[in-house]
Amino acid sequence: MFGCLLDRLRRICIPLCGLLLLFALILPLGAQEQTAIRGTVMDGTGAAIAGAEIEFRSSDSRQSTTSDVQGNFTLPEAVASGVLLIRYPGFSLVRLELTPDSNRENLQIHLVPAPTNERIVVTPGDEDRISPVPSSQYSIASNQIESSGSLALDDTLRQVPGFSLFRRSGSLFANPTSQGVSLRGIGASGSSRAVVLLDGIPLNDPFGGWVYWERVPNASVASMTVLNGGSSDTYGGGALGGAVDIETRHETSTFGHLEASYGNEDTQYTSFDTGISAGRWGVSAAGQALRTRGYVLVPENQRGVVDTPAGTGDLAGSLELSRQLGGQGRFFVRAMTFGESRKNGTPVQTNSTQIPEVDIGTDWTNASAGSFSIRVYGSDELFHQNFSAISADRSSESLTNAQRSPSQQVGFAGQWRRTFAEKHTITLGVEDRNIRGHSAETTFAAGRSTAFVDAGGRQRITGFFFQDAFYFARNWLLTVGGREDTWRNSRGFSDRTPLPSGAPAINSFADRSENAFSPRVSLLRTFSSSLALSASVYRAFRAPTLNELYRNFRVGNVVTNANANLTAERLTGGEAGLSLRRWRQKLTIRGNLFWSDISNPVANVTLSTTPALITRQRQNLGAIQARGVELAAELRLTEKVEVSAEYILTNSTVLRFPANPLLEGLRVPEVPENQFNFALGYSGRVWDAGLQGRFVGKAFDDDLNTFPLAAFFTLDGEVSRQVLPHARLFLAVQNLTDASYATAATPVLSLGPPLLVRGGFRLTFR
């Protein structure tokens with residue numbers, strides 16, 4: 001099916017490429033006049049802000065300066081058109097679009113206190129990779145996504161220290177149920193311990209909590225931002241360890257972006273985003289087709305007849321209608337669809353997914369009423385998966401169960417923000433999400449069906465949150481907030497009917513509900529010397545998913561059983577940070593100390609082990625603790641060259657587990673103690689290049705710490721050259737050194753992807 005769809009997409013893309021090339025040839029480049037930009041930066045009381053960073057970005061240049069002790073600044077010889085950005089720790093970013101007709105003299109810039117977190121982010125794309133605020137926040141812009149060399153968004157996000165999926169493998173070759181996000185060493189159990197949002201709408205699977213990263217066409221992404229640390233005070237139960245905000249492009253004029261490439265392992269990729277604007281109305285479409293034959297997961301010395309390449313075929317698309325509301329508002333309706341077909345390393349182990357979704361949103365700002373944002377969404381998902389038992393010599397496999405898991409969700413989120421008395425920025429919000437789903441499973445033995453098992457239920461989560469960012473004294477910002485959540489699990493059931501005939505065993509679970517209050521208190525102190533200090537304490541939680549409560553699954557020879565008695569995970573944590581800007585704001589250095597205590601974490605606990613079968617069950621573990629330090633630095637060597645590096649040291653261990661004290665003191669599975677990343681970027685008029693390196697330290701694949709995963713280092717990169725005014729050719733590489741590293745041990749090793757090289761082109765016009 002996906003081969004036919006890809007063939008159709010190729011037939012569409014060929015004329016589209018020709019059209020875009022025509023635009024590239026007929027749209028000329030022109031020099032712009034240069035004039036100075038002058039202004040004054042003040043806080044809400046009118047007091048001057050010294051040391052604010054002023055940056056002007058145009059299509060081919062970047063200038064920056066800082067405000068003096070009177071708050072004044074001058075940018076000489078700035079081109080006529082571009083974006084003026086004003087930043088100061090603790091205040092919201094100010095973004096001004098300047099045209100040849102704009103006032104550029106005596107600009108009066110009034111900064112207002114910034115909220116610590118925002119449930120719905122409206123303005124993407126202008127944040128630095130490392131924020132000057134000493135909280136743990138990382139941003140990746142669209143140009144950095146392009147130069148990363150990665151096909152999947154989660155591989156790009158691995159540049160953020162502490163980011164990982166459940167296992168070390170990425171979404172291109174991993175089972176989707178292992179694609180839950182872990183941040184800062186709190187681990188994952190397949191389900192994410194971080195919320196992932198697309199334009200303020202949850203991207204996490206409603207039934208299982210994992211993420212289909214290929215649902216979002218890469219060409220449509222403007223920026224991705226990762227917030228480390230418990231964030232339930234704003235984002236709710238999914239944000240136990242933090243949040244990932246993905247923002248798409250919000251163009252107000254006609255535009256087009258297209259990328260196509262081909263690589264080894266028969267990897268075919270096309271991603272596009274295009275739109276037409278007519279007055280206040282706009283129509284845009286985005287799509288992505290990806291297919292790769294993949295590679296054999298098992299090392300050569302352990303392979304058998306059953307081991308085949310693990311590959312995927314994905315097709316995603318969206319169609320959006322939007323309208324501008326006044327000068328600072330936008331309304332949109334978006335229809336999305338996603339289809340996936342995967343091979344998971346053996347002939348029998350396959351899975352497929354279909355997800356249609358409709359999203360509605362509006363953002364509107366009024367000088368007196370404040371800013372309003374609303375999101376309404378609904379989706380319908382169907383997930384199929386086959387599991388098998390593999391013989392010890394890997395010469396044969398047999399189907400053990402076939403699962404069909406339909407799920408639906410409907411949700412709403414609303415946010416309001418306003419600044420009062422020029423000192424208080426108040427944020428209020430509400431969220432409601434209704435989910436229902438079940439897993440219908442047919443079990444097999446010796447090639448014959450033995451039973452039909454069906455389990456599932458419903459879940460509703462409702463939350464209300466508030467936040468006050470209070471500029472209570474010069475250079476002091478206090479943020480106080482909290483969120484109250486209630487969730488209810490209802491209509492839970494687990495039925496088993498023996499086959500070919502037998503009396504069904506029906507088990508209904510009592511309805512259960514829980515509440516959680518997630519507060520946060522943060523204090524920020526800034527200094528005119530570009531130094532900022534901060535400290536935060538917070539609580540967070542995560543409710544178990546329907547998948548964890550009711551669905552059993554099998555990976556290789558490891559069976560993991562559900563547990564309908566699971567309770568919510570609860571986190572108590574805090575952090576202290578320091579950030580420093582130096583060398584004309586070209587160097588940013590940031591450090592954070594953090595700690596998190598998680599009570600009742602859901603973990604896969606080993607119940608029994610035999611040579612042929614490992615049996616585990618999801619259980620509330622007792623308590624784990626993650627402590628550590630993050631260090632990050634970003635240096636803009638020249639206007640064209642940037643370098644950044646991040647390091648995280650994490651000590652994540654089991655504090656207590658009364659059911660099995662032998663686990664106490666052991667490392668949390670899948671969490672390395674050391675992780676180091678670096679990135680080099682060059683951006684010129686003709687050539688662009690990027691190189692990213694990642695070191696991941698030793699970890700364990702199981703709760704008993706008996707299956708070690710050795711440390712490894714990989715390099716990814718890309719180089720591109722402009723060949724026409726709006727066209728570029730590129731060469732991208734993942735795992736440049738072809739490093740061999742383990743991603744799982746069950747106990748058979750699974751390896752990470754080998755060297756992947758692909759070449760292609762990009763077309764862009766506006």
# chains A, B, ... in the order shown; residues from 1 in each chain; ligands from 1

call {"tool": "residues_around", "arguments": {"residues": "region 268-274 of chain A", "least_positions_apart": "4", "cutoff": "6 Å", "atoms": "only C-alpha atoms", "output": "JSON, numbers by chain"}}
result
{"A": [217, 219, 220, 255, 256, 257, 258, 259, 260, 261, 262, 284, 285, 286, 287, 288, 289, 290, 291]}

call {"tool": "closest_atom_pairs", "arguments": {"of": "region 137-208 of chain A", "to": "region 450-458 of chain A", "cutoff": "12 Å", "atoms": "only C-alpha atoms", "output": "Markdown table"}}
result
| residue | atom | partner | partner_atom | distance |
| --- | --- | --- | --- | --- |
| A:Pro206 | CA | A:Arg458 | CA | 10.6 |
| A:Phe207 | CA | A:Gly456 | CA | 9.3 |
| A:Gly208 | CA | A:Gly456 | CA | 11.4 |

call {"tool": "residues_around", "arguments": {"residues": "region 364-379 of chain A", "least_positions_apart": "2", "cutoff": "9 Å", "atoms": "only C-alpha atoms", "output": "PyMOL selection string"}}
result
chain A and resi 120-122+199-202+206+325-331+355-362+381+407-419

call {"tool": "write_last_selection", "arguments": {"atoms": "N, CA and C atoms", "output": "mmCIF file, in the first residue's frame"}}
result
data_model
loop_
_atom_site.group_PDB
_atom_site.id
_atom_site.type_symbol
_atom_site.label_atom_id
_atom_site.label_comp_id
_atom_site.auth_asym_id
_atom_site.auth_seq_id
_atom_site.Cartn_x
_atom_site.Cartn_y
_atom_site.Cartn_z
ATOM 1 N N ILE A 120 0.320 26.875 25.941
ATOM 2 C CA ILE A 120 0.202 27.063 24.497
ATOM 3 C C ILE A 120 1.193 28.142 24.086
ATOM 4 N N VAL A 121 2.197 27.774 23.302
ATOM 5 C CA VAL A 121 3.207 28.702 22.819
ATOM 6 C C VAL A 121 2.760 29.213 21.456
ATOM 7 N N VAL A 122 2.758 30.542 21.296
ATOM 8 C CA VAL A 122 2.190 31.135 20.085
ATOM 9 C C VAL A 122 3.264 31.603 19.111
ATOM 10 N N ASP A 199 1.876 22.580 18.305
ATOM 11 C CA ASP A 199 1.057 23.802 18.314
ATOM 12 C C ASP A 199 0.064 23.793 19.473
ATOM 13 N N GLY A 200 0.495 23.289 20.634
ATOM 14 C CA GLY A 200 -0.353 23.270 21.816
ATOM 15 C C GLY A 200 -1.287 22.090 21.922
ATOM 16 N N ILE A 201 -1.192 21.119 21.006
ATOM 17 C CA ILE A 201 -2.086 19.951 20.981
ATOM 18 C C ILE A 201 -1.256 18.702 21.254
ATOM 19 N N PRO A 202 -1.695 17.832 22.181
ATOM 20 C CA PRO A 202 -0.883 16.660 22.543
ATOM 21 C C PRO A 202 -0.584 15.767 21.349
ATOM 22 N N PRO A 206 -2.908 8.645 22.694
ATOM 23 C CA PRO A 206 -3.874 8.709 23.800
ATOM 24 C C PRO A 206 -3.980 7.409 24.586
ATOM 25 N N LEU A 325 -6.594 37.434 12.543
ATOM 26 C CA LEU A 325 -7.590 38.171 13.315
ATOM 27 C C LEU A 325 -6.952 39.456 13.818
ATOM 28 N N GLY A 326 -7.276 40.560 13.181
ATOM 29 C CA GLY A 326 -6.675 41.814 13.578
ATOM 30 C C GLY A 326 -5.174 41.795 13.342
ATOM 31 N N GLY A 327 -4.456 42.592 14.121
ATOM 32 C CA GLY A 327 -3.013 42.653 13.967
ATOM 33 C C GLY A 327 -2.280 41.579 14.726
ATOM 34 N N GLN A 328 -2.918 40.984 15.759
ATOM 35 C CA GLN A 328 -2.226 40.014 16.594
ATOM 36 C C GLN A 328 -3.121 38.818 16.897
ATOM 37 N N GLY A 329 -3.739 38.257 15.892
ATOM 38 C CA GLY A 329 -4.607 37.111 16.113
ATOM 39 C C GLY A 329 -4.602 36.165 14.938
ATOM 40 N N ARG A 330 -4.993 34.934 15.227
ATOM 41 C CA ARG A 330 -4.996 33.914 14.178
ATOM 42 C C ARG A 330 -5.985 32.818 14.541
ATOM 43 N N PHE A 331 -6.713 32.341 13.526
ATOM 44 C CA PHE A 331 -7.623 31.206 13.685
ATOM 45 C C PHE A 331 -7.245 30.161 12.644
ATOM 46 N N ILE A 355 -4.000 7.058 11.785
ATOM 47 C CA ILE A 355 -4.497 8.107 12.688
ATOM 48 C C ILE A 355 -5.022 9.284 11.873
ATOM 49 N N PRO A 356 -6.323 9.495 11.778
ATOM 50 C CA PRO A 356 -6.859 10.765 11.300
ATOM 51 C C PRO A 356 -7.126 11.691 12.498
ATOM 52 N N GLU A 357 -6.944 12.998 12.292
ATOM 53 C CA GLU A 357 -7.133 13.956 13.394
ATOM 54 C C GLU A 357 -7.605 15.289 12.842
ATOM 55 N N VAL A 358 -8.410 15.998 13.632
ATOM 56 C CA VAL A 358 -8.856 17.347 13.298
ATOM 57 C C VAL A 358 -8.523 18.263 14.471
ATOM 58 N N ASP A 359 -7.885 19.400 14.173
ATOM 59 C CA ASP A 359 -7.496 20.376 15.193
ATOM 60 C C ASP A 359 -8.103 21.733 14.847
ATOM 61 N N ILE A 360 -8.565 22.440 15.859
ATOM 62 C CA ILE A 360 -9.079 23.801 15.709
ATOM 63 C C ILE A 360 -8.401 24.667 16.758
ATOM 64 N N GLY A 361 -7.929 25.844 16.348
ATOM 65 C CA GLY A 361 -7.262 26.711 17.310
ATOM 66 C C GLY A 361 -7.436 28.173 16.989
ATOM 67 N N THR A 362 -7.318 28.986 18.011
ATOM 68 C CA THR A 362 -7.345 30.432 17.822
ATOM 69 C C THR A 362 -6.439 31.088 18.852
ATOM 70 N N GLU A 381 -7.663 6.427 16.323
ATOM 71 C CA GLU A 381 -6.462 5.646 15.998
ATOM 72 C C GLU A 381 -6.768 4.153 15.955
ATOM 73 N N SER A 407 -8.428 3.319 19.512
ATOM 74 C CA SER A 407 -8.586 4.313 20.579
ATOM 75 C C SER A 407 -9.046 5.624 19.975
ATOM 76 N N GLN A 408 -9.731 6.416 20.781
ATOM 77 C CA GLN A 408 -10.229 7.722 20.371
ATOM 78 C C GLN A 408 -9.961 8.728 21.486
ATOM 79 N N GLN A 409 -9.816 9.982 21.092
ATOM 80 C CA GLN A 409 -9.675 11.044 22.083
ATOM 81 C C GLN A 409 -10.346 12.319 21.583
ATOM 82 N N VAL A 410 -10.850 13.095 22.514
ATOM 83 C CA VAL A 410 -11.380 14.433 22.266
ATOM 84 C C VAL A 410 -10.844 15.316 23.377
ATOM 85 N N GLY A 411 -10.330 16.491 23.015
ATOM 86 C CA GLY A 411 -9.731 17.330 24.042
ATOM 87 C C GLY A 411 -9.925 18.811 23.790
ATOM 88 N N PHE A 412 -9.687 19.582 24.853
ATOM 89 C CA PHE A 412 -9.832 21.034 24.827
ATOM 90 C C PHE A 412 -8.775 21.629 25.745
ATOM 91 N N ALA A 413 -8.174 22.751 25.324
ATOM 92 C CA ALA A 413 -7.246 23.492 26.175
ATOM 93 C C ALA A 413 -7.443 24.977 25.915
ATOM 94 N N GLY A 414 -7.481 25.754 26.991
ATOM 95 C CA GLY A 414 -7.631 27.198 26.879
ATOM 96 C C GLY A 414 -6.671 27.909 27.803
ATOM 97 N N GLN A 415 -6.151 29.045 27.359
ATOM 98 C CA GLN A 415 -5.181 29.803 28.150
ATOM 99 C C GLN A 415 -5.426 31.293 27.976
ATOM 100 N N TRP A 416 -5.323 32.043 29.084
ATOM 101 C CA TRP A 416 -5.438 33.507 29.057
ATOM 102 C C TRP A 416 -4.269 34.095 29.815
ATOM 103 N N ARG A 417 -3.715 35.194 29.272
ATOM 104 C CA ARG A 417 -2.575 35.839 29.931
ATOM 105 C C ARG A 417 -2.699 37.350 29.800
ATOM 106 N N ARG A 418 -2.391 38.041 30.899
ATOM 107 C CA ARG A 418 -2.430 39.505 30.884
ATOM 108 C C ARG A 418 -1.461 40.043 31.919
ATOM 109 N N THR A 419 -0.851 41.190 31.603
ATOM 110 C CA THR A 419 0.047 41.865 32.532
ATOM 111 C C THR A 419 -0.704 42.981 33.246
#

call {"tool": "closest_atom_pairs", "arguments": {"of": "region 91-175 of chain A", "to": "region 723-744 of chain A", "cutoff": "10 Å", "atoms": "only C-alpha atoms", "output": "CSV"}}
result
residue,atom,partner,partner_atom,distance
A:Glu146,CA,A:Ala732,CA,9.4
A:Ser147,CA,A:Ala732,CA,8.0
A:Ser148,CA,A:Ala732,CA,8.0
A:Gly149,CA,A:Ala732,CA,4.7
A:Ser150,CA,A:Gln734,CA,6.6
A:Leu151,CA,A:Gln734,CA,8.9
A:Asp155,CA,A:Gln734,CA,9.6
A:Phe166,CA,A:Thr743,CA,10.0
A:Arg167,CA,A:Thr743,CA,6.2
A:Arg168,CA,A:Thr743,CA,4.9
A:Ser169,CA,A:Thr743,CA,5.6
A:Gly170,CA,A:Thr743,CA,9.4
A:Ala174,CA,A:Thr743,CA,9.7

call {"tool": "select_by_dssp", "arguments": {"residues": "region 317-538 of chain A", "states": "strand (DSSP E or B)", "output": "ChimeraX atom specification"}}
result
/A:317-324,329-343,350-366,370-390,397-420,424-445,448-473,476-498,505-508,512-526,531-538

call {"tool": "closest_residue", "arguments": {"among": "A:Asp205, A:Glu320, A:Glu251, A:Asp716", "to": "Ser277 (chain A)", "atoms": "only C-alpha atoms"}}
result
A:Glu251

call {"tool": "residues_around", "arguments": {"residues": "region 57-71 of chain A", "least_positions_apart": "5", "cutoff": "7 Å", "atoms": "only C-alpha atoms", "output": "VMD selection string"}}
result
chain A and resid 40 to 42 48 to 52 81 to 84 584 639

call {"tool": "select_by_dssp", "arguments": {"residues": "region 192-419 of chain A", "states": "helix (DSSP H, G or I)", "output": "PyMOL selection string"}}
result
chain A and resi 213-215+218-220+232-235+237-239+300-302

call {"tool": "atom_distance", "arguments": {"atom1": "CA of Ala568 (chain A)", "atom2": "CA of Ile461 (chain A)"}}
result
12.4 Å

call {"tool": "closest_residue", "arguments": {"among": "A:Arg483, A:Asp468, A:Trp583, A:Thr346", "to": "Val305 (chain A)", "atoms": "only C-alpha atoms"}}
result
A:Thr346

call {"tool": "closest_residue", "arguments": {"among": "A:Val671, A:Val112, A:Ala710, A:Val181", "to": "Leu477 (chain A)", "atoms": "only C-alpha atoms"}}
result
A:Val112

call {"tool": "residues_around", "arguments": {"residues": "region 225-229 of chain A", "least_positions_apart": "2", "cutoff": "9 Å", "atoms": "only C-alpha atoms", "output": "VMD selection string"}}
result
chain A and resid 117 127 129 135 to 141 157 160 162 to 163 183 to 184 194 223 231 239 to 247 538 573 to 575 594 to 596

call {"tool": "write_last_selection", "arguments": {"atoms": "C-alpha atoms", "output": "mmCIF file, in the first residue's frame"}}
result
data_model
loop_
_atom_site.group_PDB
_atom_site.id
_atom_site.type_symbol
_atom_site.label_atom_id
_atom_site.label_comp_id
_atom_site.auth_asym_id
_atom_site.auth_seq_id
_atom_site.Cartn_x
_atom_site.Cartn_y
_atom_site.Cartn_z
ATOM 1 C CA ASN A 117 6.047 27.882 31.297
ATOM 2 C CA GLU A 127 14.817 31.555 20.754
ATOM 3 C CA ARG A 129 19.547 27.113 21.292
ATOM 4 C CA SER A 135 16.197 27.304 33.754
ATOM 5 C CA SER A 136 16.838 24.165 31.714
ATOM 6 C CA GLN A 137 15.440 25.051 28.298
ATOM 7 C CA TYR A 138 16.786 24.137 24.848
ATOM 8 C CA SER A 139 15.510 25.319 21.468
ATOM 9 C CA ILE A 140 16.219 23.914 18.014
ATOM 10 C CA ALA A 141 15.252 26.096 15.039
ATOM 11 C CA LEU A 157 16.132 16.165 19.776
ATOM 12 C CA VAL A 160 19.361 17.959 24.079
ATOM 13 C CA GLY A 162 19.000 13.967 28.959
ATOM 14 C CA PHE A 163 16.571 13.436 26.078
ATOM 15 C CA LEU A 183 14.083 13.515 30.298
ATOM 16 C CA ARG A 184 16.718 14.101 32.952
ATOM 17 C CA ALA A 194 7.191 14.042 29.166
ATOM 18 C CA SER A 223 11.159 25.203 16.076
ATOM 19 C CA SER A 231 6.190 20.862 34.537
ATOM 20 C CA ALA A 239 4.821 16.487 32.022
ATOM 21 C CA LEU A 240 6.266 14.540 34.949
ATOM 22 C CA GLY A 241 9.797 15.061 33.605
ATOM 23 C CA GLY A 242 9.243 18.038 31.310
ATOM 24 C CA ALA A 243 7.749 19.049 27.991
ATOM 25 C CA VAL A 244 8.605 19.195 24.287
ATOM 26 C CA ASP A 245 6.923 21.979 22.291
ATOM 27 C CA ILE A 246 6.925 21.573 18.502
ATOM 28 C CA GLU A 247 5.769 24.647 16.610
ATOM 29 C CA TYR A 538 7.910 21.983 42.194
ATOM 30 C CA GLY A 573 11.900 18.166 42.732
ATOM 31 C CA GLY A 574 13.898 21.313 42.492
ATOM 32 C CA GLU A 575 16.806 22.961 40.758
ATOM 33 C CA PHE A 594 18.681 19.312 39.868
ATOM 34 C CA TRP A 595 17.055 16.628 41.959
ATOM 35 C CA SER A 596 13.841 14.647 41.552
#

call {"tool": "closest_atom_pairs", "arguments": {"of": "region 390-426 of chain A", "to": "region 348-352 of chain A", "cutoff": "12 Å", "atoms": "only C-alpha atoms", "output": "Markdown table"}}
result
| residue | atom | partner | partner_atom | distance |
| --- | --- | --- | --- | --- |
| A:Ile390 | CA | A:Val348 | CA | 10.0 |
| A:Ser396 | CA | A:Val348 | CA | 10.3 |
| A:Glu397 | CA | A:Val348 | CA | 7.6 |
| A:Ser398 | CA | A:Val348 | CA | 7.5 |
| A:Leu399 | CA | A:Val348 | CA | 6.6 |
| A:Thr400 | CA | A:Val348 | CA | 9.6 |
| A:Asn401 | CA | A:Gln349 | CA | 10.0 |
| A:Ala402 | CA | A:Gln349 | CA | 9.5 |
| A:Gln403 | CA | A:Asn351 | CA | 9.2 |
| A:Arg404 | CA | A:Asn351 | CA | 9.7 |
| A:Ser405 | CA | A:Ser352 | CA | 10.5 |
| A:Pro406 | CA | A:Ser352 | CA | 11.8 |

call {"tool": "residues_around", "arguments": {"residues": "region 693-698 of chain A", "least_positions_apart": "6", "cutoff": "7 Å", "atoms": "only C-alpha atoms", "output": "list in words"}}
result
Pro672, Glu673, Asn674, Gln675, Phe676, Asn677, Phe678, Ala679, Leu709, Ala710, Ala711, Phe712, Phe713, Thr714, Leu715 and Asp716 of chain A

call {"tool": "write_last_selection", "arguments": {"atoms": "N, CA and C atoms", "output": "short mmCIF file (atom, residue, chain, number, x, y, z; two decimals), in the first residue's frame"}}
result
data_model
loop_
_atom_site.label_atom_id
_atom_site.label_comp_id
_atom_site.auth_asym_id
_atom_site.auth_seq_id
_atom_site.Cartn_x
_atom_site.Cartn_y
_atom_site.Cartn_z
N PRO A 672 21.69 6.48 31.31
CA PRO A 672 23.15 6.55 31.43
C PRO A 672 23.56 7.56 32.50
N GLU A 673 24.72 7.34 33.07
CA GLU A 673 25.21 8.28 34.08
C GLU A 673 25.78 9.53 33.43
N ASN A 674 26.41 9.38 32.25
CA ASN A 674 27.04 10.50 31.57
C ASN A 674 26.52 10.63 30.15
N GLN A 675 26.31 11.87 29.74
CA GLN A 675 25.93 12.14 28.36
C GLN A 675 26.52 13.47 27.96
N PHE A 676 27.13 13.50 26.77
CA PHE A 676 27.78 14.72 26.27
C PHE A 676 27.40 14.92 24.81
N ASN A 677 27.03 16.14 24.45
CA ASN A 677 26.68 16.49 23.08
C ASN A 677 27.47 17.72 22.66
N PHE A 678 27.75 17.83 21.36
CA PHE A 678 28.29 19.07 20.83
C PHE A 678 27.74 19.27 19.42
N ALA A 679 27.74 20.52 18.98
CA ALA A 679 27.25 20.86 17.64
C ALA A 679 28.09 21.99 17.07
N LEU A 709 24.46 -2.18 28.90
CA LEU A 709 24.55 -1.59 27.57
C LEU A 709 25.77 -0.67 27.58
N ALA A 710 26.77 -0.98 26.77
CA ALA A 710 28.04 -0.26 26.80
C ALA A 710 27.90 1.16 26.26
N ALA A 711 28.83 2.03 26.65
CA ALA A 711 28.86 3.41 26.17
C ALA A 711 29.14 3.45 24.67
N PHE A 712 28.75 4.54 24.03
CA PHE A 712 29.01 4.70 22.60
C PHE A 712 29.08 6.16 22.23
N PHE A 713 29.61 6.44 21.03
CA PHE A 713 29.73 7.80 20.50
C PHE A 713 29.35 7.78 19.03
N THR A 714 28.53 8.73 18.60
CA THR A 714 28.13 8.83 17.20
C THR A 714 28.30 10.26 16.70
N LEU A 715 28.43 10.37 15.38
CA LEU A 715 28.52 11.66 14.71
C LEU A 715 27.48 11.73 13.60
N ASP A 716 26.77 12.84 13.52
CA ASP A 716 25.83 13.11 12.43
C ASP A 716 26.21 14.45 11.82
#

call {"tool": "closest_residue", "arguments": {"among": "A:Ile186, A:Ala389, A:Ala510, A:Val537", "to": "Arg627 (chain A)", "atoms": "only C-alpha atoms"}}
result
A:Ile186

call {"tool": "closest_residue", "arguments": {"among": "A:Gly481, A:Gly502, A:Pro113, A:Glu670", "to": "Ser164 (chain A)", "atoms": "only C-alpha atoms"}}
result
A:Glu670

call {"tool": "atom_distance", "arguments": {"atom1": "CA of Leu749 (chain A)", "atom2": "CA of Gln617 (chain A)"}}
result
21.3 Å
